[in-house]
>>> print(open('final-v4.tsv').read())   # TSV, C-alpha atoms
chain	number	residue	atom	x	y	z
A	1	MET	CA	-33.50	14.60	3.07
A	2	ASP	CA	-32.53	18.25	3.37
A	3	ARG	CA	-30.62	20.42	0.88
A	4	LEU	CA	-27.24	19.48	2.34
A	5	ASP	CA	-28.03	15.77	1.94
A	6	VAL	CA	-28.97	16.32	-1.68
A	7	ALA	CA	-25.78	18.32	-2.32
A	8	LEU	CA	-23.66	15.64	-0.62
A	9	ALA	CA	-25.36	12.85	-2.57
A	10	THR	CA	-24.59	14.70	-5.81
A	11	HIS	CA	-21.02	15.49	-4.82
A	12	PHE	CA	-20.33	11.90	-3.83
A	13	SER	CA	-22.14	10.32	-6.77
A	14	MET	CA	-20.49	7.25	-8.25
A	15	GLU	CA	-18.05	7.65	-11.11
A	16	ALA	CA	-16.31	5.16	-13.36
A	17	ALA	CA	-12.76	4.15	-12.55
A	18	PRO	CA	-10.17	4.94	-15.25
A	19	GLU	CA	-10.05	2.51	-18.14
A	20	ALA	CA	-7.59	-0.35	-17.73
A	21	LEU	CA	-7.29	0.26	-13.97
A	22	ALA	CA	-8.16	-3.38	-13.32
A	23	SER	CA	-5.46	-4.67	-15.66
A	24	ARG	CA	-2.87	-2.31	-14.12
A	25	ILE	CA	-3.77	-3.62	-10.67
A	26	VAL	CA	-3.45	-7.23	-11.76
A	27	GLU	CA	-0.03	-6.41	-13.29
A	28	ARG	CA	1.05	-4.75	-10.05
A	29	VAL	CA	0.04	-7.84	-8.11
A	30	ALA	CA	2.21	-9.97	-10.38
A	31	ASP	CA	5.14	-7.68	-9.55
A	32	ALA	CA	4.48	-7.78	-5.80
A	33	GLY	CA	7.09	-9.54	-3.75
A	34	ARG	CA	9.89	-8.61	-6.12
A	35	GLY	CA	10.92	-5.95	-3.68
A	36	VAL	CA	13.66	-5.21	-1.24
A	37	ARG	CA	12.97	-8.19	1.01
A	38	GLU	CA	15.58	-10.34	-0.70
A	39	LEU	CA	18.12	-7.75	0.38
A	40	LEU	CA	18.08	-9.08	3.92
A	41	ALA	CA	19.74	-12.32	2.85
A	42	GLU	CA	22.83	-10.48	1.63
A	43	ILE	CA	23.16	-8.05	4.53
A	44	GLU	CA	25.69	-8.56	7.31
A	45	ILE	CA	25.43	-6.65	10.58
A	46	THR	CA	27.95	-6.21	13.33
A	47	SER	CA	27.82	-4.34	16.64
A	48	THR	CA	29.79	-3.15	19.61
A	49	ASP	CA	28.51	-3.00	23.18
A	50	GLN	CA	27.19	0.50	22.40
A	51	GLY	CA	25.08	-0.51	19.42
A	52	VAL	CA	25.13	-1.46	15.74
A	53	CYS	CA	28.32	-0.15	14.15
A	54	LEU	CA	28.40	-1.61	10.63
A	55	ILE	CA	25.92	-2.88	8.02
A	56	ARG	CA	27.31	-4.06	4.70
A	57	GLY	CA	26.58	-6.40	1.84
A	58	GLU	CA	29.78	-8.39	2.48
A	59	HIS	CA	31.16	-10.70	5.13
A	60	LEU	CA	31.85	-8.97	8.46
A	61	ALA	CA	33.58	-10.14	11.61
A	62	PRO	CA	30.96	-11.40	14.10
A	63	PRO	CA	30.18	-9.35	17.22
A	64	SER	CA	32.66	-9.99	20.01
A	65	SER	CA	30.42	-9.91	23.10
A	66	ALA	CA	27.03	-11.25	24.12
A	67	LYS	CA	25.62	-7.71	24.35
A	68	ALA	CA	26.87	-6.88	20.84
A	69	ARG	CA	25.34	-10.12	19.52
A	70	ARG	CA	22.00	-9.08	21.03
A	71	TRP	CA	22.15	-5.71	19.25
A	72	THR	CA	22.96	-7.48	15.99
A	73	GLU	CA	20.06	-9.88	16.40
A	74	GLN	CA	17.67	-7.04	17.31
A	75	ALA	CA	18.82	-5.05	14.29
A	76	ARG	CA	18.22	-8.05	12.01
A	77	VAL	CA	14.68	-8.51	13.36
A	78	GLU	CA	13.84	-4.80	13.08
A	79	LEU	CA	15.35	-4.60	9.60
A	80	ALA	CA	13.27	-7.57	8.43
A	81	GLU	CA	10.12	-5.90	9.77
A	82	TYR	CA	11.10	-2.63	8.13
A	83	LEU	CA	11.62	-4.31	4.75
A	84	GLU	CA	8.26	-6.05	5.09
A	85	GLY	CA	6.53	-2.71	5.72
A	86	LYS	CA	5.79	-3.55	9.34
A	87	ARG	CA	8.10	-1.02	11.01
A	88	THR	CA	8.60	2.71	10.64
A	89	PHE	CA	11.28	3.31	13.27
A	90	PHE	CA	14.32	1.54	14.74
A	91	SER	CA	14.81	1.19	18.46
A	92	VAL	CA	18.17	-0.59	18.30
A	93	PRO	CA	21.01	1.83	19.23
A	94	VAL	CA	23.72	2.73	16.74
A	95	ASP	CA	27.38	3.26	17.54
A	96	LEU	CA	28.81	6.09	15.42
A	97	SER	CA	31.91	6.57	17.59
A	98	ALA	CA	34.24	5.49	14.76
A	99	ALA	CA	33.00	8.32	12.52
A	100	ALA	CA	34.85	11.64	12.30
A	101	PRO	CA	33.03	14.64	13.89
A	102	PHE	CA	31.90	16.05	10.51
A	103	GLN	CA	30.56	12.69	9.34
A	104	ARG	CA	28.85	12.12	12.70
A	105	ASP	CA	27.06	15.47	12.36
A	106	VAL	CA	25.93	14.51	8.85
A	107	LEU	CA	24.72	11.08	9.99
A	108	GLU	CA	22.89	12.42	13.05
A	109	THR	CA	21.12	14.98	10.86
A	110	ALA	CA	20.17	12.31	8.32
A	111	ARG	CA	18.83	10.27	11.21
A	112	SER	CA	16.39	13.06	12.06
A	113	ILE	CA	14.64	12.82	8.66
A	114	PRO	CA	11.22	11.33	9.40
A	115	PHE	CA	10.12	8.04	7.91
A	116	GLY	CA	8.60	8.44	4.45
A	117	GLU	CA	10.08	11.90	3.87
A	118	VAL	CA	13.07	13.04	1.84
A	119	ARG	CA	15.58	15.89	2.06
A	120	ALA	CA	18.29	17.29	-0.21
A	121	TYR	CA	22.03	16.93	0.38
A	122	ALA	CA	22.09	20.74	0.52
A	123	TRP	CA	19.53	20.67	3.35
A	124	ILE	CA	21.87	18.53	5.46
A	125	ALA	CA	24.78	20.84	4.65
A	126	ARG	CA	22.74	23.83	5.86
A	127	GLN	CA	21.56	22.02	8.99
A	128	ILE	CA	25.10	21.26	10.15
A	129	GLY	CA	26.26	24.82	9.44
A	130	HIS	CA	28.40	24.01	6.37
A	131	ALA	CA	26.12	25.21	3.57
A	132	GLN	CA	28.91	24.99	0.96
A	133	ALA	CA	29.96	21.46	1.85
A	134	VAL	CA	27.27	19.68	-0.18
A	135	ARG	CA	29.76	17.35	-1.89
A	136	ALA	CA	31.36	16.47	1.46
A	137	VAL	CA	27.92	15.65	2.80
A	138	GLY	CA	27.42	13.27	-0.14
A	139	THR	CA	30.76	11.60	0.60
A	140	ALA	CA	29.92	11.27	4.30
A	141	LEU	CA	26.58	9.68	3.50
A	142	GLY	CA	28.17	7.43	0.89
A	143	ARG	CA	30.33	6.02	3.69
A	144	ASN	CA	27.40	5.65	6.06
A	145	PRO	CA	28.42	2.73	8.30
A	146	VAL	CA	24.83	1.86	9.21
A	147	PRO	CA	22.52	2.32	6.21
A	148	PHE	CA	18.79	1.85	6.95
A	149	LEU	CA	19.31	2.73	10.64
A	150	VAL	CA	20.74	6.06	9.54
A	151	PRO	CA	18.38	6.61	6.60
A	152	CYS	CA	20.78	8.04	4.01
A	153	HIS	CA	18.38	6.73	1.33
A	154	ARG	CA	16.05	9.62	2.29
A	155	VAL	CA	18.58	12.13	0.98
A	156	LEU	CA	18.22	13.13	-2.67
A	157	ARG	CA	19.83	15.62	-5.00
A	158	SER	CA	18.37	19.12	-5.08
A	159	ASP	CA	17.51	18.71	-8.78
A	160	GLY	CA	15.25	15.78	-7.89
A	161	GLY	CA	17.80	13.11	-8.91
A	162	VAL	CA	18.01	10.05	-6.70
A	163	GLY	CA	21.75	10.36	-6.00
A	164	GLY	CA	23.99	7.46	-5.07
A	165	TYR	CA	23.44	4.64	-2.62
A	166	LEU	CA	25.60	1.95	-1.07
A	167	PHE	CA	23.31	-0.84	-2.32
A	168	GLY	CA	22.61	0.81	-5.68
A	169	THR	CA	20.10	3.38	-6.85
A	170	ARG	CA	17.52	0.67	-7.67
A	171	VAL	CA	17.43	-0.36	-4.02
A	172	LYS	CA	17.27	3.30	-2.98
A	173	GLY	CA	14.21	3.80	-5.18
A	174	ARG	CA	12.62	0.63	-3.80
A	175	LEU	CA	13.19	1.78	-0.22
A	176	LEU	CA	11.59	5.14	-0.93
A	177	ALA	CA	8.61	3.39	-2.56
A	178	LEU	CA	8.36	1.03	0.41
A	179	GLU	CA	8.29	3.93	2.86
A	180	ARG	CA	5.67	5.67	0.74
A	181	SER	CA	3.36	2.69	0.99
A	182	THR	CA	3.96	1.97	4.70
A	183	PRO	CA	1.64	3.74	7.14
A	184	VAL	CA	3.02	5.36	10.29
A	185	LEU	CA	0.16	5.35	12.80
A	186	GLN	CA	-2.04	2.35	13.45
A	187	GLY	CA	-4.90	1.94	15.88
A	188	CYS	CA	-6.23	-1.29	17.34
A	189	THR	CA	-10.02	-1.52	17.12
A	190	THR	CA	-10.28	-3.74	20.19
A	191	THR	CA	-8.02	-1.82	22.61
A	192	ARG	CA	-8.65	1.62	21.04
A	193	ILE	CA	-4.95	2.40	21.36
A	194	VAL	CA	-2.99	4.11	18.59
A	195	CYS	CA	0.68	3.09	18.09
A	196	ARG	CA	3.53	3.83	15.74
A	197	VAL	CA	3.87	1.02	13.20
A	198	GLY	CA	6.54	-1.29	14.60
A	199	CYS	CA	5.50	-0.92	18.24
A	200	ILE	CA	5.53	-4.18	20.19
A	201	HIS	CA	1.77	-3.84	20.78
A	202	GLY	CA	1.17	-3.37	17.09
A	203	ARG	CA	2.89	-6.65	16.31
A	204	ARG	CA	0.29	-8.50	18.37
A	205	MET	CA	-2.53	-6.78	16.51
A	206	ARG	CA	-4.61	-8.97	14.21
A	207	PRO	CA	-4.74	-7.54	10.67
A	208	GLU	CA	-8.53	-7.14	10.75
A	209	ASN	CA	-8.25	-5.02	13.91
A	210	GLN	CA	-5.89	-2.50	12.33
A	211	VAL	CA	-7.00	0.99	11.33
A	212	ILE	CA	-4.69	3.71	10.09
A	213	PHE	CA	-4.86	7.30	11.33
A	214	ALA	CA	-3.51	10.50	9.85
A	215	SER	CA	-2.62	11.96	13.26
A	216	VAL	CA	-2.91	11.29	16.97
A	217	GLY	CA	-5.45	14.13	17.07
A	218	ASP	CA	-7.65	12.35	14.53
A	219	ALA	CA	-7.39	9.13	16.50
A	220	ARG	CA	-8.32	10.92	19.70
A	221	SER	CA	-11.32	12.52	18.02
A	222	VAL	CA	-12.86	9.09	17.53
A	223	GLY	CA	-12.03	7.70	20.97
A	224	TYR	CA	-8.51	6.25	20.64
A	225	ARG	CA	-5.64	7.05	23.03
A	226	PRO	CA	-1.90	7.14	22.22
A	227	CYS	CA	0.23	4.14	23.24
A	228	LYS	CA	2.30	4.63	26.36
A	229	VAL	CA	5.08	2.36	25.09
A	230	CYS	CA	5.91	3.79	21.65
A	231	ARG	CA	4.55	7.26	22.51
A	232	PRO	CA	3.44	8.41	19.05
A	233	LEU	CA	3.07	11.98	20.30
A	234	ALA	CA	6.87	12.14	20.66
A	235	ASP	CA	7.16	11.70	16.88
A	236	SER	CA	6.86	15.06	15.14
A	237	THR	CA	5.25	13.49	12.06
A	238	THR	CA	2.20	12.13	13.90
A	239	HIS	CA	0.77	15.12	15.77
B	1	MET	CA	-25.10	-16.17	-12.20
B	2	ALA	CA	-22.47	-13.94	-10.65
B	3	THR	CA	-20.23	-15.54	-8.04
B	4	ASP	CA	-20.86	-14.16	-4.57
B	5	ASP	CA	-18.18	-12.05	-2.92
B	6	GLY	CA	-17.30	-14.62	-0.26
B	7	ALA	CA	-16.63	-17.35	-2.82
B	8	LEU	CA	-14.57	-14.91	-4.87
B	9	MET	CA	-12.47	-14.00	-1.83
B	10	ARG	CA	-11.84	-17.65	-1.01
B	11	ARG	CA	-10.51	-18.14	-4.53
B	12	VAL	CA	-8.36	-14.99	-4.22
B	13	GLY	CA	-6.98	-16.42	-0.94
B	14	ARG	CA	-5.84	-19.49	-2.89
B	15	GLY	CA	-3.96	-17.23	-5.31
B	16	ASP	CA	-6.52	-17.30	-8.14
B	17	ARG	CA	-5.61	-14.29	-10.31
B	18	ALA	CA	-8.80	-14.54	-12.42
B	19	ALA	CA	-10.93	-14.30	-9.27
B	20	PHE	CA	-8.87	-11.33	-8.18
B	21	GLY	CA	-9.49	-9.66	-11.54
B	22	ALA	CA	-13.22	-10.23	-11.12
B	23	LEU	CA	-13.13	-8.74	-7.62
B	24	VAL	CA	-11.28	-5.68	-8.90
B	25	SER	CA	-13.80	-5.19	-11.71
B	26	ARG	CA	-16.68	-5.49	-9.26
B	27	TYR	CA	-15.41	-2.91	-6.76
B	28	GLN	CA	-13.09	-0.56	-8.65
B	29	ASP	CA	-15.72	2.12	-9.37
B	30	ARG	CA	-16.90	2.39	-5.77
B	31	LEU	CA	-13.39	2.41	-4.36
B	32	PHE	CA	-12.17	4.86	-6.96
B	33	THR	CA	-15.04	7.27	-6.23
B	34	VAL	CA	-14.33	7.25	-2.49
B	35	ALA	CA	-10.59	7.72	-3.05
B	36	HIS	CA	-11.16	10.48	-5.60
B	37	ARG	CA	-13.49	12.41	-3.30
B	38	LEU	CA	-11.09	12.07	-0.36
B	39	LEU	CA	-7.82	12.78	-2.14
B	40	GLY	CA	-9.13	15.32	-4.63
B	41	ASN	CA	-7.42	14.15	-7.81
B	42	ARG	CA	-7.60	11.15	-10.10
B	43	VAL	CA	-3.88	10.31	-10.12
B	44	ASP	CA	-3.63	9.94	-6.34
B	45	ALA	CA	-7.00	8.19	-6.26
B	46	GLU	CA	-5.88	5.65	-8.83
B	47	ASP	CA	-2.66	5.01	-6.93
B	48	ALA	CA	-4.61	4.57	-3.68
B	49	VAL	CA	-7.01	2.08	-5.29
B	50	GLN	CA	-4.10	0.13	-6.75
B	51	ARG	CA	-2.38	-0.01	-3.37
B	52	ALA	CA	-5.60	-1.01	-1.65
B	53	PHE	CA	-6.21	-3.89	-4.05
B	54	LEU	CA	-2.58	-4.93	-3.76
B	55	ASN	CA	-2.94	-5.05	0.04
B	56	CYS	CA	-6.19	-6.95	-0.41
B	57	TYR	CA	-4.41	-9.56	-2.54
B	58	LEU	CA	-1.41	-9.87	-0.23
B	59	LYS	CA	-3.59	-10.14	2.89
B	60	SER	CA	-6.34	-12.27	1.36
B	61	ASP	CA	-5.30	-15.29	3.42
B	62	SER	CA	-6.12	-13.33	6.59
B	63	TYR	CA	-9.61	-12.39	5.34
B	64	ASP	CA	-12.22	-13.27	7.94
B	65	PRO	CA	-15.39	-14.59	6.22
B	66	ARG	CA	-17.51	-13.00	8.96
B	67	TRP	CA	-16.69	-9.66	7.32
B	68	GLN	CA	-18.55	-8.46	4.27
B	69	VAL	CA	-16.03	-8.17	1.43
B	70	SER	CA	-17.10	-4.59	0.73
B	71	THR	CA	-16.54	-3.59	4.38
B	72	TRP	CA	-13.13	-5.24	4.38
B	73	LEU	CA	-12.15	-3.51	1.12
B	74	TYR	CA	-13.32	-0.15	2.43
B	75	ARG	CA	-11.23	-0.67	5.58
B	76	ILE	CA	-8.14	-1.30	3.45
B	77	LEU	CA	-8.88	1.62	1.12
B	78	THR	CA	-9.54	4.13	3.91
B	79	ASN	CA	-6.31	3.03	5.61
B	80	VAL	CA	-4.39	3.83	2.42
B	81	CYS	CA	-6.19	7.17	1.88
B	82	VAL	CA	-5.76	8.31	5.48
B	83	ASP	CA	-2.05	7.61	5.33
B	84	GLU	CA	-1.79	9.59	2.10
B	85	LEU	CA	-3.53	12.53	3.82
B	86	ARG	CA	-1.07	12.28	6.74
B	87	ARG	CA	1.85	12.38	4.33
B	88	ARG	CA	0.47	15.47	2.61
B	89	ARG	CA	0.02	17.20	5.94
B	90	ASN	CA	3.62	16.46	6.94
B	91	VAL	CA	5.22	17.69	3.75
B	92	GLY	CA	3.23	20.90	4.04
B	93	SER	CA	1.37	20.31	0.80
B	94	PRO	CA	-1.09	23.11	0.07
B	95	GLY	CA	-3.79	20.47	-0.30
B	96	PRO	CA	-5.06	18.23	-3.01
B	97	VAL	CA	-4.55	19.37	-6.57
B	98	SER	CA	-8.08	18.91	-7.77
B	99	ASP	CA	-8.91	18.02	-11.31
B	100	SER	CA	-11.89	18.46	-13.52
B	101	GLY	CA	-13.29	14.96	-13.25
B	102	GLN	CA	-16.20	15.94	-11.03
B	103	PRO	CA	-19.80	15.14	-11.84
B	104	SER	CA	-21.80	17.97	-13.32
B	105	GLU	CA	-24.22	20.02	-11.27
B	106	LYS	CA	-24.59	23.67	-10.34
B	107	PRO	CA	-20.91	24.72	-10.59
B	108	GLY	CA	-20.96	27.33	-7.81
B	109	GLN	CA	-22.60	25.08	-5.30
B	110	HIS	CA	-20.26	22.19	-6.09
B	111	LEU	CA	-17.15	24.31	-5.69
B	112	ASP	CA	-18.46	25.70	-2.40
B	113	LEU	CA	-19.18	22.23	-1.08
B	114	ARG	CA	-15.76	20.98	-2.08
B	115	ARG	CA	-14.12	23.91	-0.29
B	116	ALA	CA	-16.35	23.42	2.72
B	117	LEU	CA	-15.45	19.74	2.88
B	118	GLU	CA	-11.80	20.70	3.28
B	119	ARG	CA	-12.73	22.25	6.64
B	120	VAL	CA	-14.22	18.97	7.88
B	121	PRO	CA	-11.80	16.88	9.99
B	122	THR	CA	-10.36	13.81	8.25
B	123	GLU	CA	-12.33	11.17	10.15
B	124	ALA	CA	-15.68	12.90	9.65
B	125	ARG	CA	-14.94	13.57	5.95
B	126	LEU	CA	-14.11	9.93	5.47
B	127	LEU	CA	-17.36	8.80	7.06
B	128	LEU	CA	-19.32	11.26	4.93
B	129	ALA	CA	-17.68	9.92	1.76
B	130	LEU	CA	-18.44	6.29	2.62
B	131	ARG	CA	-21.97	7.15	3.68
B	132	TYR	CA	-22.85	9.09	0.54
B	133	VAL	CA	-20.89	7.16	-2.12
B	134	ASP	CA	-22.12	3.71	-1.21
B	135	GLY	CA	-24.80	4.29	1.41
B	136	LEU	CA	-22.98	2.38	4.14
B	137	SER	CA	-25.00	1.90	7.33
B	138	TYR	CA	-23.85	3.26	10.69
B	139	GLY	CA	-22.86	-0.29	11.66
B	140	GLU	CA	-20.78	-0.77	8.52
B	141	LEU	CA	-19.13	2.63	8.97
B	142	ALA	CA	-18.30	1.74	12.57
B	143	LYS	CA	-16.71	-1.50	11.42
B	144	VAL	CA	-14.73	0.14	8.62
B	145	ARG	CA	-13.15	2.69	10.98
B	146	GLY	CA	-13.06	0.58	14.15
B	147	ILE	CA	-15.21	2.97	16.15
B	148	SER	CA	-18.55	2.79	17.96
B	149	ILE	CA	-21.85	3.51	16.25
B	150	ASN	CA	-22.38	6.48	18.54
B	151	THR	CA	-19.02	7.92	17.46
B	152	VAL	CA	-20.05	7.44	13.82
B	153	LYS	CA	-23.26	9.40	14.44
B	154	SER	CA	-21.52	12.18	16.31
B	155	GLN	CA	-18.77	12.46	13.66
B	156	LEU	CA	-21.32	12.64	10.84
B	157	ALA	CA	-23.35	15.24	12.73
B	158	ARG	CA	-20.21	17.23	13.43
B	159	GLY	CA	-19.14	17.07	9.79
B	160	LYS	CA	-22.54	18.20	8.58
B	161	ALA	CA	-22.67	21.01	11.13
B	162	ILE	CA	-19.33	22.31	9.85
B	163	LEU	CA	-20.60	22.09	6.26
B	164	ARG	CA	-23.85	23.92	7.06
B	165	LYS	CA	-21.94	26.68	8.79
B	166	ALA	CA	-19.46	26.98	5.92
B	167	LEU	CA	-22.18	27.02	3.26
B	168	ARG	CA	-24.42	29.52	5.06
>>> encode(input="final-v4.tsv", output="structure tokens")
Amino acid sequence: MDRLDVALATHFSMEAAPEALASRIVERVADAGRGVRELLAEIEITSTDQGVCLIRGEHLAPPSSAKARRWTEQARVELAEYLEGKRTFFSVPVDLSAAAPFQRDVLETARSIPFGEVRAYAWIARQIGHAQAVRAVGTALGRNPVPFLVPCHRVLRSDGGVGGYLFGTRVKGRLLALERSTPVLQGCTTTRIVCRVGCIHGRRMRPENQVIFASVGDARSVGYRPCKVCRPLADSTTH
Amino acid sequence: MATDDGALMRRVGRGDRAAFGALVSRYQDRLFTVAHRLLGNRVDAEDAVQRAFLNCYLKSDSYDPRWQVSTWLYRILTNVCVDELRRRRNVGSPGPVSDSGQPSEKPGQHLDLRRALERVPTEARLLLALRYVDGLSYGELAKVRGISINTVKSQLARGKAILRKALR
């Protein structure tokens, strides 16, 4: 054992967990499951041939074509996975053609906010070149036709307040907490491939074969390669 | 006589909260130490341990008895910690806000080592923490991170080389 070993052994010496940690964990377990999953039952989704065009908590007219029905079904599956913490991105297309140009700009910008991150209404206003139009940005997001797919819940007030949300601020908080506890990059220990969580390959992965990585670079450093289907390198948050 | 880990896990898989409480009590110190050393502060470490145990409870039905419970728990914990480190990197956090809950030793040396550890890549730092907190073998480390034993050895050697250079 050299000096570095001794120093490391001292640095990493065992310490006691905070008092009452065990009871807090047991309490948290009792609360588990009371999350946002029940939301899915009250959500209605409708689509056009171009993609999902409306998500609301009320009855909607069913999709009119087979293609639109497929988009709706895909959106429902992806949304369920997202709410269960098994998906970090949506691949179903959205149809924002009914939105006015200003609102479309706002929604497209909100769509670029990475999973698990938050931005201020003022940030969106600056991004679309209307720095003074913060209130209008809030209104545009409040009328977001496709919440979840366009993640307006990732937009908060500059003072740290949660701001409004179509399904209520409680749900907004729950979604943010869900995203905070959902990893983004997972590797499969048998194939040594690293995917974005939600990739079709990831769904086939057995839970005991799943390891999480902080970046594609980290995964590569221990012999994993990025998935060619979900292409995690294309996601700016996973480099 | 204390119940063995496997029996405890089987009871947790059946939804036995008392068994879960016993499992938490048995492993909380080890898991907390690893999380604290990786994340740098007690608040984040406590949150990571809570999330890890929560995942353990929710996934207990998928626990494979061929795994040692400690290895399985470390896999879950390191997954949580690594994702927290990714999130910090993305939001441009200046790094962990360290606290004063460190064990006592020569202060200068400890501070230097902590700073030097920040230069070690995530995967190697993680392996060092598991190796020195709980003395995990190369085989156990390989299983925890889903890598080969040779990769474990090379990562540990690389991590130590970086530390030696930084502390010189």
>>> residues_around(input="final-v4.tsv", residues="Ala157 in chain B", least_positions_apart="5", cutoff="9 Å", atoms="all atoms listed in the file", output="list of chain:residue names")
B:Ala124, B:Val152, B:Ile162
>>> closest_atom_pairs(input="final-v4.tsv", of="chain B", to="chain A", cutoff="6 Å", atoms="all atoms listed in the file", output="JSON lines")
{"residue": "B:Val24", "atom": "CA", "partner": "A:Ala22", "partner_atom": "CA", "distance": 5.9}
{"residue": "B:Asp29", "atom": "CA", "partner": "A:Ala17", "partner_atom": "CA", "distance": 4.8}
{"residue": "B:Phe32", "atom": "CA", "partner": "A:Ala17", "partner_atom": "CA", "distance": 5.7}
{"residue": "B:Thr33", "atom": "CA", "partner": "A:Glu15", "partner_atom": "CA", "distance": 5.7}
{"residue": "B:Gln50", "atom": "CA", "partner": "A:Ile25", "partner_atom": "CA", "distance": 5.4}
{"residue": "B:Leu54", "atom": "CA", "partner": "A:Val29", "partner_atom": "CA", "distance": 5.9}
{"residue": "B:Asn79", "atom": "CA", "partner": "A:Ile212", "partner_atom": "CA", "distance": 4.8}
{"residue": "B:Val82", "atom": "CA", "partner": "A:Ala214", "partner_atom": "CA", "distance": 5.4}
{"residue": "B:Asp83", "atom": "CA", "partner": "A:Ala214", "partner_atom": "CA", "distance": 5.6}
{"residue": "B:Arg86", "atom": "CA", "partner": "A:Ala214", "partner_atom": "CA", "distance": 4.3}
{"residue": "B:Tyr132", "atom": "CA", "partner": "A:Ala9", "partner_atom": "CA", "distance": 5.5}
{"residue": "B:Val133", "atom": "CA", "partner": "A:Phe12", "partner_atom": "CA", "distance": 5.1}
{"residue": "B:Gly146", "atom": "CA", "partner": "A:Thr189", "partner_atom": "CA", "distance": 4.7}
>>> residues_near_point(input="final-v4.tsv", point="(20.9, -7.4, 19.1)", cutoff="10 Å", atoms="all atoms listed in the file", output="compact mmCIF listing (two decimals) with C-alpha atoms, keeping the file's coordinate frame")
# COMPACT_ATOMS: atom_id res chain seq x y z
CA ILE A 45 25.43 -6.65 10.58
CA THR A 46 27.95 -6.21 13.33
CA SER A 47 27.82 -4.34 16.64
CA THR A 48 29.79 -3.15 19.61
CA ASP A 49 28.51 -3.00 23.18
CA GLY A 51 25.08 -0.51 19.42
CA VAL A 52 25.13 -1.46 15.74
CA PRO A 63 30.18 -9.35 17.22
CA ALA A 66 27.03 -11.25 24.12
CA LYS A 67 25.62 -7.71 24.35
CA ALA A 68 26.87 -6.88 20.84
CA ARG A 69 25.34 -10.12 19.52
CA ARG A 70 22.00 -9.08 21.03
CA TRP A 71 22.15 -5.71 19.25
CA THR A 72 22.96 -7.48 15.99
CA GLU A 73 20.06 -9.88 16.40
CA GLN A 74 17.67 -7.04 17.31
CA ALA A 75 18.82 -5.05 14.29
CA ARG A 76 18.22 -8.05 12.01
CA VAL A 77 14.68 -8.51 13.36
CA GLU A 78 13.84 -4.80 13.08
CA VAL A 92 18.17 -0.59 18.30
CA PRO A 93 21.01 1.83 19.23
>>> residues_around(input="final-v4.tsv", residues="Leu96 in chain A", least_positions_apart="6", cutoff="8 Å", atoms="all atoms listed in the file", output="ChimeraX atom specification")
/A:53,104,145
>>> atom_distance(input="final-v4.tsv", atom1="CA of Gly161 in chain A", atom2="CA of Val134 in chain A")
14.5 Å
>>> closest_residue(input="final-v4.tsv", among="A:Ala110, A:Leu54, A:Leu83, A:Ala61", to="Leu178 in chain A", atoms="only C-alpha atoms")
A:Leu83
>>> residues_near_point(input="final-v4.tsv", point="(-2.0, 8.9, 0.7)", cutoff="8 Å", atoms="all atoms listed in the file", output="ChimeraX atom specification")
/B:39,44,48,80-88
>>> closest_residue(input="final-v4.tsv", among="A:Leu233, A:Ala99, A:Arg196, A:Gly164", to="Gly142 in chain A", atoms="only C-alpha atoms")
A:Gly164
>>> atom_distance(input="final-v4.tsv", atom1="CA of Ile193 in chain A", atom2="CA of Arg225 in chain A")
5.0 Å
>>> closest_residue(input="final-v4.tsv", among="A:Val137, A:Gln50, A:Ser65, A:Arg220", to="Pro121 in chain B", atoms="only C-alpha atoms")
A:Arg220
>>> closest_residue(input="final-v4.tsv", among="A:Ala122, A:Leu176, A:Leu39, A:Val106", to="Arg157 in chain A", atoms="all atoms listed in the file")
A:Ala122
>>> atom_distance(input="final-v4.tsv", atom1="CA of Gly15 in chain B", atom2="CA of Thr88 in chain A")
28.5 Å
>>> residues_around(input="final-v4.tsv", residues="Cys56 in chain B", least_positions_apart="6", cutoff="9 Å", atoms="all atoms listed in the file", output="number ranges by chain")
B: 63, 72-73, 76
>>> residues_around(input="final-v4.tsv", residues="Arg10 in chain B", least_positions_apart="6", cutoff="12 Å", atoms="all atoms listed in the file", output="PyMOL selection string")
chain B and resi 3-4+16-17+19-20+23+57+59-65+69
